[in-house]
Each structure stands twice: as C-alpha cells, then as structure tokens.
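Q: Structure: run09.cif, mmCIF, C-alpha atoms.
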```cif
data_final
#
loop_
_atom_site.label_atom_id
_atom_site.label_comp_id
_atom_site.auth_asym_id
_atom_site.auth_seq_id
_atom_site.Cartn_x
_atom_site.Cartn_y
_atom_site.Cartn_z
CA MET A 59 -36.46 80.70 -26.10
CA VAL A 60 -39.72 79.29 -24.78
CA THR A 61 -43.02 81.10 -24.44
CA HIS A 62 -46.18 79.80 -22.87
CA SER A 63 -49.12 81.70 -24.30
CA SER A 64 -51.62 79.34 -22.66
CA ASP A 65 -50.72 80.66 -19.22
CA THR A 66 -50.78 84.40 -18.56
CA ARG A 67 -48.44 83.98 -15.60
CA ALA A 68 -45.62 82.62 -17.77
CA SER A 69 -42.92 85.06 -18.68
CA GLU A 70 -43.24 86.72 -22.10
CA SER A 71 -39.75 85.62 -23.09
CA SER A 72 -38.73 82.77 -20.83
CA THR A 73 -35.32 81.27 -21.44
CA LEU A 74 -33.97 77.85 -20.66
CA SER A 75 -30.98 78.02 -18.37
CA SER A 76 -28.77 75.96 -16.17
CA CYS A 77 -25.07 76.06 -15.57
CA THR A 78 -22.60 73.81 -13.85
CA ILE A 79 -19.91 75.32 -11.64
CA GLY A 80 -17.54 72.59 -10.49
CA ASP A 81 -19.72 70.11 -8.60
CA ASN A 82 -22.40 72.79 -8.07
CA MET A 83 -25.20 73.51 -10.48
CA LYS A 84 -27.61 76.45 -10.84
CA ILE A 85 -31.08 76.05 -12.32
CA LYS A 86 -33.36 78.96 -13.20
CA ILE A 87 -37.12 78.41 -13.41
CA ASP A 88 -38.23 81.62 -15.14
CA TYR A 89 -41.87 81.25 -14.14
CA LYS A 90 -44.06 82.27 -11.19
CA LEU A 91 -44.83 78.94 -9.53
CA ASP A 92 -48.04 78.28 -7.62
CA ASN A 93 -47.69 78.71 -3.87
CA TRP A 94 -49.39 76.51 -1.27
CA ASN A 95 -52.42 78.84 -1.06
CA ASP A 96 -52.96 78.49 -4.84
CA THR A 97 -52.66 74.70 -4.62
CA ILE A 98 -55.12 74.47 -1.72
CA LYS A 99 -57.60 76.77 -3.51
CA HIS A 100 -57.47 74.69 -6.73
CA ASN A 101 -57.92 71.41 -4.83
CA ARG A 102 -60.82 72.74 -2.76
CA THR A 103 -62.54 74.06 -5.88
CA ASN A 104 -62.42 70.70 -7.62
CA LYS A 105 -60.02 67.76 -7.18
CA TYR A 106 -59.71 67.46 -10.96
CA LEU A 107 -58.82 71.14 -11.29
CA GLY A 108 -56.01 70.71 -8.74
CA ALA A 109 -54.56 67.73 -10.63
CA LYS A 110 -54.91 69.54 -13.98
CA ARG A 111 -53.16 72.63 -12.62
CA LYS A 112 -50.25 70.55 -11.25
CA ARG A 113 -49.82 68.73 -14.59
CA LYS A 114 -49.81 72.06 -16.43
CA GLU A 115 -47.24 73.56 -14.07
CA MET A 116 -45.02 70.46 -14.31
CA ASP A 117 -45.17 70.65 -18.13
CA ILE A 118 -43.93 74.24 -17.95
CA ILE A 119 -41.17 73.33 -15.47
CA ARG A 120 -40.04 70.49 -17.76
CA TYR A 121 -39.00 73.04 -20.42
CA PHE A 122 -36.69 74.78 -17.95
CA LEU A 123 -35.06 71.44 -17.09
CA LEU A 124 -34.33 70.28 -20.65
CA ASN A 125 -30.57 70.98 -20.56
CA VAL A 126 -30.00 70.18 -16.90
CA PRO A 127 -27.59 67.26 -16.38
CA LYS A 128 -28.34 64.31 -14.10
CA ILE A 129 -27.18 64.73 -10.51
CA LYS A 130 -24.63 62.02 -9.80
CA LYS A 131 -23.44 62.57 -6.22
CA TYR A 132 -25.72 62.46 -3.20
CA PRO A 133 -26.73 63.75 -0.73
CA ILE A 134 -27.27 67.29 -2.00
CA LYS A 135 -28.26 70.64 -0.56
CA LEU A 136 -30.63 73.02 -2.36
CA ASN A 137 -30.32 76.79 -1.97
CA CYS A 138 -33.51 78.31 -3.35
CA THR A 139 -33.69 82.01 -4.15
CA TRP A 140 -37.22 83.17 -4.85
CA HIS A 141 -37.24 86.39 -6.88
CA VAL A 142 -40.52 88.15 -6.07
CA LYS A 143 -42.23 91.38 -7.06
CA ASN A 144 -44.43 91.48 -3.97
CA THR A 145 -42.58 91.35 -0.66
CA ARG A 146 -45.85 90.96 1.24
CA SER A 147 -46.05 87.28 0.26
CA ASP A 148 -44.97 84.64 2.80
CA LEU A 149 -41.76 82.72 2.17
CA ASP A 150 -43.25 79.67 3.89
CA ASN A 151 -45.95 79.55 1.17
CA LYS A 152 -43.41 78.92 -1.59
CA SER A 153 -43.54 75.38 -2.92
CA LEU A 154 -40.79 73.29 -4.52
CA LYS A 155 -43.09 70.26 -4.83
CA SER A 156 -43.73 70.48 -8.57
CA VAL A 157 -40.10 71.30 -9.34
CA LEU A 158 -38.72 68.33 -7.39
CA ASP A 159 -41.39 65.99 -8.81
CA GLN A 160 -40.52 67.08 -12.36
CA MET A 161 -36.77 66.74 -11.68
CA GLN A 162 -37.45 63.12 -10.72
CA LEU A 163 -39.64 62.48 -13.78
CA SER A 164 -36.98 64.03 -16.03
CA GLY A 165 -34.30 61.75 -14.58
CA ILE A 166 -32.26 64.64 -13.13
CA LEU A 167 -32.92 63.75 -9.50
CA GLU A 168 -32.88 60.14 -8.34
CA ASN A 169 -35.28 60.76 -5.47
CA ASP A 170 -36.37 63.69 -3.30
CA ASN A 171 -36.21 61.85 0.02
CA ILE A 172 -33.89 62.77 2.90
CA ASN A 173 -31.21 60.30 1.74
CA HIS A 174 -30.85 62.34 -1.47
CA ILE A 175 -31.70 65.90 -0.35
CA ASN A 176 -30.70 66.52 3.25
CA GLU A 177 -30.91 70.32 3.33
CA ILE A 178 -33.11 72.95 1.67
CA ASN A 179 -32.63 76.68 2.22
CA HIS A 180 -35.07 79.36 1.06
CA LYS A 181 -34.46 83.06 0.62
CA ALA A 182 -36.52 85.80 -1.02
CA VAL A 183 -35.17 88.68 -3.09
CA LYS A 184 -37.20 91.67 -4.28
CA ASP A 185 -37.01 91.85 -8.08
CA ASN A 186 -38.92 93.15 -11.10
CA GLU A 187 -39.51 89.58 -12.30
CA GLU A 188 -40.86 86.45 -10.58
CA TYR A 189 -38.65 83.37 -10.88
CA LEU A 190 -36.80 80.73 -8.90
CA GLU A 191 -33.08 80.02 -8.83
CA ILE A 192 -31.97 76.71 -7.38
CA GLU A 193 -28.36 76.05 -6.52
CA VAL A 194 -27.59 72.35 -6.22
CA ILE A 195 -24.60 71.66 -3.97
CA GLU A 196 -23.01 68.36 -3.01
CA ASN A 197 -23.58 67.92 0.74
CA GLU A 198 -22.29 65.50 3.34
#
```
For the file at hand, write its structure as structure tokens.

A:
Amino acid sequence: MVTHSSDTRASESSTLSSCTIGDNMKIKIDYKLDNWNDTIKHNRTNKYLGAKRKRKEMDIIRYFLLNVPKIKKYPIKLNCTWHVKNTRSDLDNKSLKSVLDQMQLSGILENDNINHINEINHKAVKDNEEYLEIEVIENE
C-alpha cells in the first residue's frame, strides 16, 4: 500500500497493481493525473513550476509501475480507461504523457514512438474514484 500525503489529489489508500493475462497486461494508476489544461496552467505560471509538477507526478506514477514487467513484443496497442467523478471534463484533455515517459524511464517500455505503440484508445467511465486503467495488447 502506498500513500502520498504530500499531494492532496493522491488517493488515501492507493495500491500498486498490474496483472498479466496471456500476452496482455493491465496496469492501474490509482491517481488523478494532470490533464492538458493543468499542464498548460503550470507552465504559463512559471516554467520551473511546470517542470517540478511533472517530476512530482512521474515520481508518483513510478510507484504504480514497480511490479510491472518489461514489455517484450512490439508493436503494442493501449486501451486506456479513464475513471472519472466528473463527466463534464473533456476526454481529449486527458494526458498519457507522464505515464509513457515514466514507463520508458522504468525500463517497461522500450520507446513510445509509432514503431512501438501504433494504437491508443481512450474511453471514460463514470466512477466514484479517479484513476486510469491501461490495457497493453500485442498489436500487428
């Protein structure tokens, strides 16, 4: 169990989770990630604040990726399910940038270019909690 008391947006009792189903893998990021509007606001306020916020978010994401195995077969497809409390938010504002960057830094993902990830699907689901589920599927 991981808690992040330094960030009020982190879940009170976040858990690390990933599971492998055949060649597919599911990853749960039990944290409300910044959207593009948040990122733009932080960068316009101060370029150092934007960089600091991204580092902080990537540190949090790293904890959710601790037990995730390295992806061995490429290309892959990502099915992203955004669990949201507020259905008034825009799905096109959701950002995988920090997650994919941290997956690369953690050695899980070789690269996030089109040769490695050739399809990304996004869907939103109304829920009582805010988190992201990523299904990693071998794609051709």

Q: Would you kindly translate the PyMOL selection byres ((chain A and resi 116-120) around 10) into the concrete residues it picks from this file, as a ChimeraX atom specification?

A: /A:60-62,65,68,74,86-89,91,110-115,121-125,155-161,163-164

Q: Here is a test: counting only C-alpha atoms, which residue of A:Val194, A:Asn151, A:Cys138, A:Ile172 is nearest to Ile98 (chain A)?

A: A:Asn151

Q: So which residues get picked by the PyMOL selection byres ((chain A and resi 131) around 10) here, written as an mmCIF file with C-alpha atoms, keeping the file's coordinate frame?

A:
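Saved to expr_24.cif:
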```
data_model
loop_
_atom_site.group_PDB
_atom_site.id
_atom_site.type_symbol
_atom_site.label_atom_id
_atom_site.label_comp_id
_atom_site.auth_asym_id
_atom_site.auth_seq_id
_atom_site.Cartn_x
_atom_site.Cartn_y
_atom_site.Cartn_z
ATOM 1 C CA ASP A 81 -19.720 70.110 -8.600
ATOM 2 C CA LYS A 128 -28.340 64.310 -14.100
ATOM 3 C CA ILE A 129 -27.180 64.730 -10.510
ATOM 4 C CA LYS A 130 -24.630 62.020 -9.800
ATOM 5 C CA TYR A 132 -25.720 62.460 -3.200
ATOM 6 C CA PRO A 133 -26.730 63.750 -0.730
ATOM 7 C CA ILE A 134 -27.270 67.290 -2.000
ATOM 8 C CA GLU A 168 -32.880 60.140 -8.340
ATOM 9 C CA HIS A 174 -30.850 62.340 -1.470
ATOM 10 C CA ILE A 195 -24.600 71.660 -3.970
ATOM 11 C CA GLU A 196 -23.010 68.360 -3.010
ATOM 12 C CA ASN A 197 -23.580 67.920 0.740
#
```

Q: Expand the PyMOL selection byres ((chain A and resi 180) around 8) into the explicit residue set it covers here, and present it as a PyMOL selection string.

A: chain A and resi 137-140+149+178-179+181-182

Q: What separation in Å, quoted to one decimal, exists between CA of Thr97 (chain A) and CA of Pro127 (chain A)?

A: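 For CA of Thr97 (chain A) relative to CA of Pro127 (chain A), the distance reads 28.7 Å.
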
Q: Which of these, A:Ile192, A:Leu107, A:Met83, A:Val183, has the shortest distance to Ser147 (chain A) once you count all atoms listed in the file?

A: A:Val183

Q: Work out how far CA of Lys152 (chain A) is from CA of Asn93 (chain A), in Å to one decimal.

A: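 Going from CA of Asn93 (chain A) over to CA of Lys152 (chain A), I get 4.9 Å.
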
Q: I'd like the interatomic distance between CA of Gly165 (chain A) and CA of Ser153 (chain A), to a tenth of an Å.

A: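 A separation of 20.2 Å between them.
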
Q: Between A:Asp92, A:His141, A:Asp150, A:Asp170, which has the minimum distance to Glu187 (chain A) (counting only C-alpha atoms)?

A: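 Ranking A:Asp92, A:His141, A:Asp150, A:Asp170 by distance to Glu187 (chain A), first place goes to A:His141.
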
Q: In terms of the shortest atom-to-atom distance over all atoms listed in the file, which of A:Lys84, A:Lys135, A:His100, A:Lys90 is closest to Glu188 (chain A)?

A: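 For Glu188 (chain A), the nearest of the candidates is A:Lys90.
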
Q: Restore N, CA and C atoms in region 112-123 of chain A and list the result as an mmCIF file, keeping the file's coordinate frame.

A:
```
data_model
loop_
_atom_site.group_PDB
_atom_site.id
_atom_site.type_symbol
_atom_site.label_atom_id
_atom_site.label_comp_id
_atom_site.auth_asym_id
_atom_site.auth_seq_id
_atom_site.Cartn_x
_atom_site.Cartn_y
_atom_site.Cartn_z
ATOM 1 N N LYS A 112 -51.588 71.079 -11.548
ATOM 2 C CA LYS A 112 -50.250 70.550 -11.250
ATOM 3 C C LYS A 112 -49.604 69.998 -12.515
ATOM 4 N N ARG A 113 -50.363 69.266 -13.331
ATOM 5 C CA ARG A 113 -49.820 68.730 -14.590
ATOM 6 C C ARG A 113 -49.353 69.857 -15.504
ATOM 7 N N LYS A 114 -50.149 70.915 -15.587
ATOM 8 C CA LYS A 114 -49.810 72.060 -16.430
ATOM 9 C C LYS A 114 -48.523 72.731 -15.940
ATOM 10 N N GLU A 115 -48.433 72.940 -14.632
ATOM 11 C CA GLU A 115 -47.240 73.560 -14.070
ATOM 12 C C GLU A 115 -46.008 72.675 -14.276
ATOM 13 N N MET A 116 -46.149 71.376 -14.106
ATOM 14 C CA MET A 116 -45.020 70.460 -14.310
ATOM 15 C C MET A 116 -44.580 70.434 -15.772
ATOM 16 N N ASP A 117 -45.521 70.561 -16.708
ATOM 17 C CA ASP A 117 -45.170 70.650 -18.130
ATOM 18 C C ASP A 117 -44.323 71.890 -18.399
ATOM 19 N N ILE A 118 -44.685 72.999 -17.782
ATOM 20 C CA ILE A 118 -43.930 74.240 -17.950
ATOM 21 C C ILE A 118 -42.536 74.082 -17.339
ATOM 22 N N ILE A 119 -42.455 73.524 -16.149
ATOM 23 C CA ILE A 119 -41.170 73.330 -15.470
ATOM 24 C C ILE A 119 -40.257 72.431 -16.303
ATOM 25 N N ARG A 120 -40.826 71.431 -16.944
ATOM 26 C CA ARG A 120 -40.040 70.490 -17.760
ATOM 27 C C ARG A 120 -39.201 71.227 -18.802
ATOM 28 N N TYR A 121 -39.743 72.271 -19.417
ATOM 29 C CA TYR A 121 -39.000 73.040 -20.420
ATOM 30 C C TYR A 121 -37.753 73.703 -19.836
ATOM 31 N N PHE A 122 -37.837 74.129 -18.583
ATOM 32 C CA PHE A 122 -36.690 74.780 -17.950
ATOM 33 C C PHE A 122 -35.639 73.765 -17.500
ATOM 34 N N LEU A 123 -35.985 72.491 -17.522
ATOM 35 C CA LEU A 123 -35.060 71.440 -17.090
ATOM 36 C C LEU A 123 -34.460 70.663 -18.261
#
```
